[in-house]
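See below for the structure under consideration.
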Amino acid sequence: MSLSLGFLNAKLFFCLCVTFLKHHFTFSASNPTGLTLRAVLDDSSGSPLYLIENLTIAERIERLIKVTNARANYLSLVSNCDARIHPDNIPMPILREGLFYVVEFAIGSQHHKVKLLMDTGGGLIWTQCVPCKTCFPQNLPIFNPSASATYARLPCDHPLCKGPGDRYTCFDGFCVYNVHYTGGASTRGTASMETFHFSIDESEIESFKNVIFGCSDDSSDIFFRNTDISGIFGLSMSPDSMMIQFSSFIHSRFSYCLVPFADAIPRPLVLRFGEDIPQLPLDVRTTSFVQSPTNHFYYLELWGISVAGHRLPFSQSTFQYRANGKGGCFIDSGALFTQIDAGTVGINAYAAVMQVFASYYESKSLRRTTSRGFELCYERPPNYDDFASLTFHFNGADYTVAGEYVNLISPDIFCVAIIKGTYATMLGAWQQQNKRLIYDVGMGALQFAEENCVNDVS
């Protein structure tokens, strides 16, 4: 039997192969503290989404599950890294398998075009620069800082290079970074400052001066080689990320609303920043971010989980961040499907949650079946729609996912769209459908509310 699902477009910050095109980067002059980006599908031959519409539904699912697992493997390595940038130890958003969002803009006095991979787990914004010691091949010309009148290297007395909040190291009077990723990928270069130019429309450009970024001249084993992508556009809570550097302009807030759809092909995504974020309804829920000692992910304080209204007997400490760098719960729309940690202390949270799902559907006398990648799948009787809901009980707010967005559903089969987590619990994109999500770094909290996301189209 075929499994036809409603796959939703993911991250933002994420992991689906899309490009921010100039005519999709909008800015309102009457609203100078807001920004809207529209992401569209990149189906180039180097993309994991290349000709995905020609695959069967089962093959699409298998590919998307691999994306989720690849994302988890990457983040598990990042979570074990020291958040401070120094030789041989730095979070590095290089995905061996993955689907990416890419932002296009220009840098320098000569308006050199770059396309950078967006990543909410990454901080440092970087692109390749000439002269190169070892550069990976890219389709677009490599940035030449000597040709730009607005380029400058970051001096060693800068707070990011010296003092308690330093992120870089000093060498020959300038800040440098030397990033070595666990899987073998690496990038090295000079911490720099440059003017970034964003296209508002065909005739207007918005420019930002003295943006701190990395000018990489020595990189190896980079996943996105031979594409237009030349580096990373970090959106985490790290002090050198776009989110923090642009905080006065975008009020330290970004938002998205993921539109459901009825096949496994990603759709366009609208990202909103600052004052372009719509006003939330009165029933908005708010839960605070929790700081991690080792990274800048968007962690949340998870107190418990309910399935179909049945709250499992987890203690408030079950999902806490553990001393070994594992555990905790964070939201990441780069993880397409939610993962529940199987390594929680005292109880296997993943196994416990899946057992409740199994008991629920067995009580409905449904017949188990198999599908690639998911543990629980069932034959679906005609017109059956009694799907179990899922609730994450966060500190101060319950996040409830309707059954239609917990499961992958077709006319004749459905699966519980949850994957075993190997180091943490991640609230993935599938369980974010039809919700307005606002990451408010200034407030230090995630806000969410129900919304018909199909209306959020421009």
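Letters A, B, ... mark the chains of the structure tokens in the order given; residue numbers begin at 1 per chain; ligand numbers begin at 1, in order shown.
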
Range 241-254 of chain A environment, 8 Å, only C-alpha atoms, sequence neighbours closer than 5 positions dropped, as JSON, numbers by chain: {"A": [32, 33, 34, 35, 122, 123, 124, 125, 211, 212, 233, 234, 235, 236, 271, 272, 273, 274, 275, 277, 438, 439, 440, 441, 442]}

Which residues of range 338-430 of chain A sit at most 7 Å from range 291-312 of chain A, using only C-alpha atoms? Give each one's shortest atom pair and distance in Å (one decimal place), in chain and ascending residue order, as JSON lines.
```
{"residue": "A:Val356", "atom": "CA", "partner": "A:Val307", "partner_atom": "CA", "distance": 6.7}
{"residue": "A:Phe357", "atom": "CA", "partner": "A:Val307", "partner_atom": "CA", "distance": 6.8}
{"residue": "A:Ala388", "atom": "CA", "partner": "A:Ala308", "partner_atom": "CA", "distance": 4.7}
{"residue": "A:Ser389", "atom": "CA", "partner": "A:Ala308", "partner_atom": "CA", "distance": 4.7}
{"residue": "A:Leu390", "atom": "CA", "partner": "A:Val307", "partner_atom": "CA", "distance": 4.8}
{"residue": "A:Thr391", "atom": "CA", "partner": "A:Ser306", "partner_atom": "CA", "distance": 5.0}
{"residue": "A:Phe392", "atom": "CA", "partner": "A:Ile305", "partner_atom": "CA", "distance": 4.8}
{"residue": "A:His393", "atom": "CA", "partner": "A:Gly304", "partner_atom": "CA", "distance": 5.0}
{"residue": "A:Phe394", "atom": "CA", "partner": "A:Leu302", "partner_atom": "CA", "distance": 4.5}
{"residue": "A:Asn395", "atom": "CA", "partner": "A:Glu301", "partner_atom": "CA", "distance": 5.7}
```

Go ahead and write the selection's residues with N, CA and C atoms as a CSV table (one decimal), in the first residue's frame.
```csv
chain,number,residue,atom,x,y,z
A,356,VAL,N,2.0,4.2,24.5
A,356,VAL,CA,0.7,4.8,24.6
A,356,VAL,C,0.0,4.9,23.3
A,357,PHE,N,0.7,5.4,22.3
A,357,PHE,CA,0.2,5.4,20.9
A,357,PHE,C,-0.3,4.0,20.5
A,388,ALA,N,-4.8,10.1,17.4
A,388,ALA,CA,-4.4,10.6,18.7
A,388,ALA,C,-3.6,11.9,18.6
A,389,SER,N,-4.0,12.8,19.6
A,389,SER,CA,-3.2,14.1,19.6
A,389,SER,C,-2.0,13.9,20.5
A,390,LEU,N,-1.1,14.9,20.4
A,390,LEU,CA,0.1,14.9,21.2
A,390,LEU,C,0.3,16.3,21.8
A,391,THR,N,0.6,16.3,23.1
A,391,THR,CA,0.8,17.5,23.9
A,391,THR,C,2.2,17.6,24.5
A,392,PHE,N,2.9,18.6,24.3
A,392,PHE,CA,4.1,18.9,25.0
A,392,PHE,C,3.8,19.9,26.1
A,393,HIS,N,4.0,19.5,27.4
A,393,HIS,CA,3.7,20.3,28.5
A,393,HIS,C,5.0,21.1,28.8
A,394,PHE,N,5.1,22.3,28.3
A,394,PHE,CA,6.2,23.2,28.6
A,394,PHE,C,6.0,24.0,29.8
A,395,ASN,N,7.0,24.6,30.4
A,395,ASN,CA,6.9,25.5,31.5
A,395,ASN,C,6.0,26.7,31.1
```

Shortest interatomic distance to Ile232 in chain A - which of A:Val290, A:Cys215, A:Ile409, A:Ile340, counting only C-alpha atoms: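 Looking only at the distances to Ile232 in chain A, the closest residue turns out to be A:Cys215.
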
Strand (DSSP E) per DSSP on the backbone: members of range 268-405 of chain A, as an NGL selection string: :A and (269-274 or 285-290 or 299-300 or 302-307 or 310-311 or 329-331 or 338-341 or 368-369 or 377-379 or 390-394 or 397-401)

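Take CA of Tyr321 in chain A and CA of Thr344 in chain A: the distance between them is 9.7 Å.
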
Long-range neighbours of range 147-150 of chain A as a list in words, 6 Å cut-off, only C-alpha atoms, 3 positions minimum in chain: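 With the cut-off at 6 Å, the set is Gly108, Ser109, Asn144 and Glu194 of chain A.
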
Resulting file, chosen residues, N, CA, C and O atoms, as an mmCIF file, in the first residue's frame:
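Produced file selection.cif, reproduced below:
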```cif
data_model
loop_
_atom_site.group_PDB
_atom_site.id
_atom_site.type_symbol
_atom_site.label_atom_id
_atom_site.label_comp_id
_atom_site.auth_asym_id
_atom_site.auth_seq_id
_atom_site.Cartn_x
_atom_site.Cartn_y
_atom_site.Cartn_z
ATOM 1 N N GLY A 108 29.953 44.011 0.438
ATOM 2 C CA GLY A 108 31.056 44.838 -0.014
ATOM 3 C C GLY A 108 30.660 45.996 -0.901
ATOM 4 O O GLY A 108 29.516 46.113 -1.345
ATOM 5 N N SER A 109 31.627 46.879 -1.163
ATOM 6 C CA SER A 109 31.368 48.082 -1.963
ATOM 7 C C SER A 109 31.038 47.754 -3.410
ATOM 8 O O SER A 109 30.401 48.546 -4.108
ATOM 9 N N ASN A 144 36.230 38.699 -3.030
ATOM 10 C CA ASN A 144 37.588 39.237 -2.933
ATOM 11 C C ASN A 144 37.570 40.456 -2.030
ATOM 12 O O ASN A 144 37.184 41.551 -2.462
ATOM 13 N N GLU A 194 31.989 43.926 7.239
ATOM 14 C CA GLU A 194 31.663 44.310 5.870
ATOM 15 C C GLU A 194 30.241 44.856 5.821
ATOM 16 O O GLU A 194 29.445 44.660 6.753
#
```

Residue nearest Thr286 in chain A among A:Pro260, A:Gly373, A:Gly396, A:Gly421 (counting only C-alpha atoms): A:Gly396

Residue with smallest distance to Pro137 in chain A - pool A:Trp430, A:Tyr361, A:Phe223, A:Phe105, counting only C-alpha atoms: A:Phe223

DSSP-assigned alpha helix (DSSP H) among range 224-315 of chain A, expressed as JSON, numbers by chain: {"A": [242, 243, 244, 245, 247, 248, 249, 250]}

For those residues, write all heavy atoms to a file as a compact mmCIF listing (two decimals), in the first residue's frame.
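Now in part-v9.txt:
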```txt
# COMPACT_ATOMS: atom_id res chain seq x y z
N MET A 242 23.24 36.46 12.87
CA MET A 242 22.40 37.49 12.28
C MET A 242 21.34 37.94 13.28
O MET A 242 21.05 39.14 13.41
CB MET A 242 21.74 36.95 11.01
CG MET A 242 20.84 37.94 10.29
SD MET A 242 19.11 37.85 10.81
CE MET A 242 18.31 38.79 9.52
N MET A 243 20.77 37.00 14.03
CA MET A 243 19.71 37.33 14.96
C MET A 243 20.15 38.36 16.00
O MET A 243 19.42 39.30 16.32
CB MET A 243 19.22 36.05 15.66
CG MET A 243 18.18 36.27 16.74
SD MET A 243 16.75 37.22 16.22
CE MET A 243 16.22 36.25 14.83
N ILE A 244 21.37 38.21 16.52
CA ILE A 244 21.84 39.12 17.56
C ILE A 244 22.40 40.40 16.95
O ILE A 244 22.13 41.51 17.43
CB ILE A 244 22.90 38.42 18.43
CG1 ILE A 244 22.30 37.15 19.06
CG2 ILE A 244 23.40 39.37 19.52
CD1 ILE A 244 21.04 37.38 19.87
N GLN A 245 23.17 40.29 15.87
CA GLN A 245 23.75 41.48 15.27
C GLN A 245 22.71 42.43 14.70
O GLN A 245 22.86 43.64 14.75
CB GLN A 245 24.73 41.09 14.15
CG GLN A 245 26.01 40.44 14.62
CD GLN A 245 27.06 40.45 13.53
OE1 GLN A 245 27.56 41.50 13.12
NE2 GLN A 245 27.40 39.26 13.03
N SER A 247 19.67 42.71 15.86
CA SER A 247 18.58 42.72 16.84
C SER A 247 17.87 44.07 16.92
O SER A 247 16.65 44.13 17.10
CB SER A 247 19.11 42.31 18.22
OG SER A 247 20.13 43.21 18.64
N SER A 248 18.61 45.18 16.78
CA SER A 248 17.96 46.49 16.88
C SER A 248 17.03 46.75 15.70
O SER A 248 16.04 47.47 15.81
CB SER A 248 19.01 47.60 16.96
OG SER A 248 19.82 47.60 15.81
N PHE A 249 17.35 46.13 14.55
CA PHE A 249 16.53 46.32 13.35
C PHE A 249 15.31 45.42 13.35
O PHE A 249 14.21 45.84 12.99
CB PHE A 249 17.39 46.06 12.11
CG PHE A 249 16.61 46.05 10.82
CD1 PHE A 249 16.06 47.21 10.32
CD2 PHE A 249 16.42 44.87 10.13
CE1 PHE A 249 15.34 47.20 9.13
CE2 PHE A 249 15.70 44.85 8.95
CZ PHE A 249 15.17 46.03 8.45
N ILE A 250 15.47 44.18 13.77
CA ILE A 250 14.37 43.23 13.70
C ILE A 250 13.77 42.94 15.07
O ILE A 250 12.95 42.04 15.22
CB ILE A 250 14.82 41.92 13.05
CG1 ILE A 250 15.93 41.25 13.87
CG2 ILE A 250 15.28 42.14 11.63
CD1 ILE A 250 16.31 39.88 13.35
```

Selected residue, from A:Val114, A:Ile222, A:Cys129, A:Ile229, that lies nearest to Phe198 in chain A when counting only C-alpha atoms: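 Among the listed residues, A:Val114 lies closest to Phe198 in chain A.
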
Contacts of range 156-164 of chain A at 6 Å (only C-alpha atoms; same-chain gap of 6+ positions) as a PyMOL selection string: chain A and resi 170+173-175

For Ser216 in chain A, find every residue with an atom within 9 Å (counting only C-alpha atoms), except residues of its own chain fewer than 2 positions away, and show them as a short mmCIF file (atom, residue, chain, number, x, y, z; two decimals) with N, CA, C and O atoms, in the first residue's frame.
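Saved as around.cif:
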```
data_model
loop_
_atom_site.label_atom_id
_atom_site.label_comp_id
_atom_site.auth_asym_id
_atom_site.auth_seq_id
_atom_site.Cartn_x
_atom_site.Cartn_y
_atom_site.Cartn_z
N TRP A 126 29.61 33.26 7.63
CA TRP A 126 30.88 33.22 6.89
C TRP A 126 30.68 32.88 5.43
O TRP A 126 29.68 32.26 5.05
N THR A 127 31.64 33.33 4.63
CA THR A 127 31.66 33.00 3.21
C THR A 127 33.11 32.82 2.79
O THR A 127 34.03 33.29 3.46
N GLN A 128 33.33 32.12 1.69
CA GLN A 128 34.68 31.94 1.19
C GLN A 128 35.24 33.25 0.64
O GLN A 128 34.51 34.06 0.08
N CYS A 129 36.56 33.42 0.80
CA CYS A 129 37.23 34.63 0.32
C CYS A 129 38.53 34.24 -0.40
O CYS A 129 39.15 33.23 -0.09
N VAL A 130 38.93 35.09 -1.34
CA VAL A 130 40.24 34.95 -1.99
C VAL A 130 41.18 35.98 -1.39
O VAL A 130 40.74 37.04 -0.91
N CYS A 132 42.73 32.15 -1.75
CA CYS A 132 42.42 30.90 -1.07
C CYS A 132 43.67 30.08 -0.82
O CYS A 132 44.53 29.97 -1.69
N CYS A 135 40.11 26.25 -0.96
CA CYS A 135 38.68 26.57 -1.05
C CYS A 135 37.95 25.45 -1.76
O CYS A 135 38.47 24.85 -2.70
N TYR A 177 39.49 32.56 13.20
CA TYR A 177 38.76 31.38 13.66
C TYR A 177 39.34 30.17 12.96
O TYR A 177 39.80 30.24 11.81
N THR A 187 36.70 24.87 8.42
CA THR A 187 36.86 26.16 7.76
C THR A 187 37.67 27.07 8.67
O THR A 187 37.51 27.06 9.89
N ARG A 188 38.56 27.84 8.07
CA ARG A 188 39.43 28.74 8.80
C ARG A 188 39.46 30.07 8.07
O ARG A 188 39.28 30.13 6.86
N GLY A 189 39.70 31.13 8.83
CA GLY A 189 39.78 32.43 8.18
C GLY A 189 39.88 33.57 9.16
O GLY A 189 40.17 33.37 10.35
N THR A 190 39.58 34.75 8.66
CA THR A 190 39.71 35.98 9.43
C THR A 190 38.34 36.53 9.79
O THR A 190 37.48 36.69 8.91
N ALA A 191 38.13 36.82 11.07
CA ALA A 191 36.92 37.51 11.50
C ALA A 191 36.97 38.93 10.96
O ALA A 191 37.97 39.64 11.15
N GLY A 214 32.75 35.93 8.89
CA GLY A 214 33.99 35.22 8.70
C GLY A 214 34.39 35.19 7.24
O GLY A 214 33.58 34.88 6.37
N ASP A 218 40.36 28.79 3.94
CA ASP A 218 40.90 27.44 4.06
C ASP A 218 39.80 26.52 4.57
O ASP A 218 39.53 26.46 5.77
N SER A 219 39.12 25.82 3.66
CA SER A 219 38.00 24.95 4.03
C SER A 219 38.19 23.59 3.38
O SER A 219 38.77 23.47 2.30
N GLY A 231 28.84 29.56 2.03
CA GLY A 231 29.07 29.64 3.47
C GLY A 231 27.80 29.52 4.27
O GLY A 231 26.81 28.94 3.80
#
```

Residue neighbourhood Thr318 in chain A, 10 Å, only C-alpha atoms, exclusion window fewer than 3 positions, as a PyMOL selection string: chain A and resi 302-304+313-315+321-322+327-328+341+343-349

Those residues you just picked out, can you put them in a file as a PDB file, in the first residue's frame with N, CA, C and O atoms?
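Result file is result_7.pdb:
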```
ATOM      1  N   LEU A 302      10.753  21.311  29.021  1.00  0.00           N
ATOM      2  CA  LEU A 302       9.681  20.340  28.830  1.00  0.00           C
ATOM      3  C   LEU A 302       9.431  19.598  30.140  1.00  0.00           C
ATOM      4  O   LEU A 302      10.316  18.951  30.682  1.00  0.00           O
ATOM      5  N   TRP A 303       8.196  19.675  30.627  1.00  0.00           N
ATOM      6  CA  TRP A 303       7.842  19.045  31.902  1.00  0.00           C
ATOM      7  C   TRP A 303       7.145  17.702  31.719  1.00  0.00           C
ATOM      8  O   TRP A 303       7.114  16.884  32.632  1.00  0.00           O
ATOM      9  N   GLY A 304       6.554  17.477  30.557  1.00  0.00           N
ATOM     10  CA  GLY A 304       5.842  16.219  30.372  1.00  0.00           C
ATOM     11  C   GLY A 304       5.246  16.115  28.983  1.00  0.00           C
ATOM     12  O   GLY A 304       5.298  17.057  28.183  1.00  0.00           O
ATOM     13  N   PRO A 313       3.600   9.384  33.019  1.00  0.00           N
ATOM     14  CA  PRO A 313       4.141   9.666  34.357  1.00  0.00           C
ATOM     15  C   PRO A 313       5.620  10.067  34.343  1.00  0.00           C
ATOM     16  O   PRO A 313       6.448   9.468  35.034  1.00  0.00           O
ATOM     17  N   PHE A 314       5.943  11.075  33.555  1.00  0.00           N
ATOM     18  CA  PHE A 314       7.307  11.591  33.558  1.00  0.00           C
ATOM     19  C   PHE A 314       7.466  12.608  34.681  1.00  0.00           C
ATOM     20  O   PHE A 314       6.544  13.371  34.976  1.00  0.00           O
ATOM     21  N   SER A 315       8.626  12.640  35.289  1.00  0.00           N
ATOM     22  CA  SER A 315       8.921  13.686  36.262  1.00  0.00           C
ATOM     23  C   SER A 315       9.389  14.928  35.516  1.00  0.00           C
ATOM     24  O   SER A 315       9.753  14.880  34.336  1.00  0.00           O
ATOM     25  N   TYR A 321      18.404  18.917  30.602  1.00  0.00           N
ATOM     26  CA  TYR A 321      19.721  18.827  29.988  1.00  0.00           C
ATOM     27  C   TYR A 321      20.659  18.109  30.947  1.00  0.00           C
ATOM     28  O   TYR A 321      20.731  18.445  32.134  1.00  0.00           O
ATOM     29  N   ARG A 322      21.363  17.083  30.447  1.00  0.00           N
ATOM     30  CA  ARG A 322      22.191  16.256  31.318  1.00  0.00           C
ATOM     31  C   ARG A 322      23.657  16.686  31.308  1.00  0.00           C
ATOM     32  O   ARG A 322      24.112  17.374  30.390  1.00  0.00           O
ATOM     33  N   GLY A 327      20.342  15.241  26.289  1.00  0.00           N
ATOM     34  CA  GLY A 327      19.085  15.552  26.945  1.00  0.00           C
ATOM     35  C   GLY A 327      18.571  16.928  26.585  1.00  0.00           C
ATOM     36  O   GLY A 327      19.080  17.617  25.699  1.00  0.00           O
ATOM     37  N   GLY A 328      17.531  17.340  27.294  1.00  0.00           N
ATOM     38  CA  GLY A 328      16.886  18.601  27.001  1.00  0.00           C
ATOM     39  C   GLY A 328      15.929  18.479  25.837  1.00  0.00           C
ATOM     40  O   GLY A 328      15.806  17.425  25.190  1.00  0.00           O
ATOM     41  N   ASP A 341      13.587  11.630  23.012  1.00  0.00           N
ATOM     42  CA  ASP A 341      14.822  11.068  23.549  1.00  0.00           C
ATOM     43  C   ASP A 341      14.594   9.673  24.124  1.00  0.00           C
ATOM     44  O   ASP A 341      13.736   9.472  24.979  1.00  0.00           O
ATOM     45  N   GLY A 343      17.139   8.145  25.600  1.00  0.00           N
ATOM     46  CA  GLY A 343      18.175   7.995  26.609  1.00  0.00           C
ATOM     47  C   GLY A 343      17.893   8.734  27.892  1.00  0.00           C
ATOM     48  O   GLY A 343      18.813   8.985  28.686  1.00  0.00           O
ATOM     49  N   THR A 344      16.636   9.090  28.132  1.00  0.00           N
ATOM     50  CA  THR A 344      16.285   9.800  29.359  1.00  0.00           C
ATOM     51  C   THR A 344      16.554   8.928  30.580  1.00  0.00           C
ATOM     52  O   THR A 344      16.418   7.699  30.539  1.00  0.00           O
ATOM     53  N   VAL A 345      16.924   9.560  31.683  1.00  0.00           N
ATOM     54  CA  VAL A 345      17.320   8.846  32.896  1.00  0.00           C
ATOM     55  C   VAL A 345      16.103   8.249  33.588  1.00  0.00           C
ATOM     56  O   VAL A 345      15.098   8.912  33.809  1.00  0.00           O
ATOM     57  N   GLY A 346      16.186   6.964  33.927  1.00  0.00           N
ATOM     58  CA  GLY A 346      15.128   6.307  34.692  1.00  0.00           C
ATOM     59  C   GLY A 346      14.008   5.722  33.867  1.00  0.00           C
ATOM     60  O   GLY A 346      13.320   4.798  34.313  1.00  0.00           O
ATOM     61  N   ILE A 347      13.801   6.238  32.661  1.00  0.00           N
ATOM     62  CA  ILE A 347      12.734   5.738  31.800  1.00  0.00           C
ATOM     63  C   ILE A 347      13.065   6.103  30.359  1.00  0.00           C
ATOM     64  O   ILE A 347      13.611   7.171  30.090  1.00  0.00           O
ATOM     65  N   ASN A 348      12.788   5.202  29.441  1.00  0.00           N
ATOM     66  CA  ASN A 348      12.963   5.463  28.022  1.00  0.00           C
ATOM     67  C   ASN A 348      11.738   6.234  27.542  1.00  0.00           C
ATOM     68  O   ASN A 348      10.675   5.654  27.312  1.00  0.00           O
ATOM     69  N   ALA A 349      11.880   7.560  27.425  1.00  0.00           N
ATOM     70  CA  ALA A 349      10.725   8.396  27.110  1.00  0.00           C
ATOM     71  C   ALA A 349      10.137   8.045  25.754  1.00  0.00           C
ATOM     72  O   ALA A 349       8.902   8.012  25.592  1.00  0.00           O
TER      73      ALA A 349
END
```

Atom-to-atom span, CA of Val179 in chain A and CA of Tyr151 in chain A, Å: 22.0 Å

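We find CA of Arg225 in chain A and CA of Tyr168 in chain A to be spaced 25.2 Å apart.
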
Counting only C-alpha atoms, the residue of A:Ala397, A:Ile418, A:Ala185, A:Ala342 that sits nearest Glu375 in chain A: A:Ile418

Proximity check range 269-366 of chain A to range 448-457 of chain A, 12 Å, nearest pairs one decimal Å, only C-alpha atoms, as JSON lines:
```
{"residue": "A:Leu269", "atom": "CA", "partner": "A:Val457", "partner_atom": "CA", "distance": 7.8}
{"residue": "A:Val270", "atom": "CA", "partner": "A:Val457", "partner_atom": "CA", "distance": 6.5}
{"residue": "A:Leu271", "atom": "CA", "partner": "A:Asp456", "partner_atom": "CA", "distance": 9.6}
{"residue": "A:Arg272", "atom": "CA", "partner": "A:Asp456", "partner_atom": "CA", "distance": 10.0}
{"residue": "A:Asp276", "atom": "CA", "partner": "A:Asp456", "partner_atom": "CA", "distance": 11.6}
{"residue": "A:Ile277", "atom": "CA", "partner": "A:Asp456", "partner_atom": "CA", "distance": 10.5}
{"residue": "A:Pro278", "atom": "CA", "partner": "A:Asp456", "partner_atom": "CA", "distance": 9.5}
{"residue": "A:Gln279", "atom": "CA", "partner": "A:Ala449", "partner_atom": "CA", "distance": 10.7}
{"residue": "A:Leu280", "atom": "CA", "partner": "A:Ala449", "partner_atom": "CA", "distance": 7.3}
{"residue": "A:Pro281", "atom": "CA", "partner": "A:Ala449", "partner_atom": "CA", "distance": 7.3}
{"residue": "A:Leu282", "atom": "CA", "partner": "A:Ala449", "partner_atom": "CA", "distance": 9.1}
{"residue": "A:Asp283", "atom": "CA", "partner": "A:Ala449", "partner_atom": "CA", "distance": 6.9}
{"residue": "A:Val284", "atom": "CA", "partner": "A:Ala449", "partner_atom": "CA", "distance": 4.9}
{"residue": "A:Arg285", "atom": "CA", "partner": "A:Phe448", "partner_atom": "CA", "distance": 5.4}
{"residue": "A:Thr286", "atom": "CA", "partner": "A:Phe448", "partner_atom": "CA", "distance": 6.7}
{"residue": "A:Thr287", "atom": "CA", "partner": "A:Phe448", "partner_atom": "CA", "distance": 8.9}
{"residue": "A:Ser288", "atom": "CA", "partner": "A:Phe448", "partner_atom": "CA", "distance": 11.7}
{"residue": "A:Ile331", "atom": "CA", "partner": "A:Phe448", "partner_atom": "CA", "distance": 11.9}
```

Grab the residues selected above and save them as a PDB file, in the first residue's frame with C-alpha atoms.
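Generated output (again_15.pdb):
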```pdb
ATOM      1  CA  LEU A 269       7.848  29.399   3.253  1.00  0.00           C
ATOM      2  CA  VAL A 270       7.427  32.966   4.465  1.00  0.00           C
ATOM      3  CA  LEU A 271       9.786  34.159   7.195  1.00  0.00           C
ATOM      4  CA  ARG A 272       8.896  37.312   9.065  1.00  0.00           C
ATOM      5  CA  ASP A 276       6.379  42.351  10.020  1.00  0.00           C
ATOM      6  CA  ILE A 277       5.288  39.580  12.395  1.00  0.00           C
ATOM      7  CA  PRO A 278       1.474  39.610  12.633  1.00  0.00           C
ATOM      8  CA  GLN A 279      -0.245  40.443  15.887  1.00  0.00           C
ATOM      9  CA  LEU A 280      -0.931  37.321  17.901  1.00  0.00           C
ATOM     10  CA  PRO A 281      -4.425  36.391  19.121  1.00  0.00           C
ATOM     11  CA  LEU A 282      -5.454  36.643  22.757  1.00  0.00           C
ATOM     12  CA  ASP A 283      -4.960  32.902  23.295  1.00  0.00           C
ATOM     13  CA  VAL A 284      -1.243  33.029  22.472  1.00  0.00           C
ATOM     14  CA  ARG A 285       0.918  30.724  24.619  1.00  0.00           C
ATOM     15  CA  THR A 286       4.389  31.649  25.863  1.00  0.00           C
ATOM     16  CA  THR A 287       7.208  29.485  27.225  1.00  0.00           C
ATOM     17  CA  SER A 288      10.721  30.640  28.080  1.00  0.00           C
ATOM     18  CA  ILE A 331      12.498  23.310  18.754  1.00  0.00           C
TER      19      ILE A 331
END
```
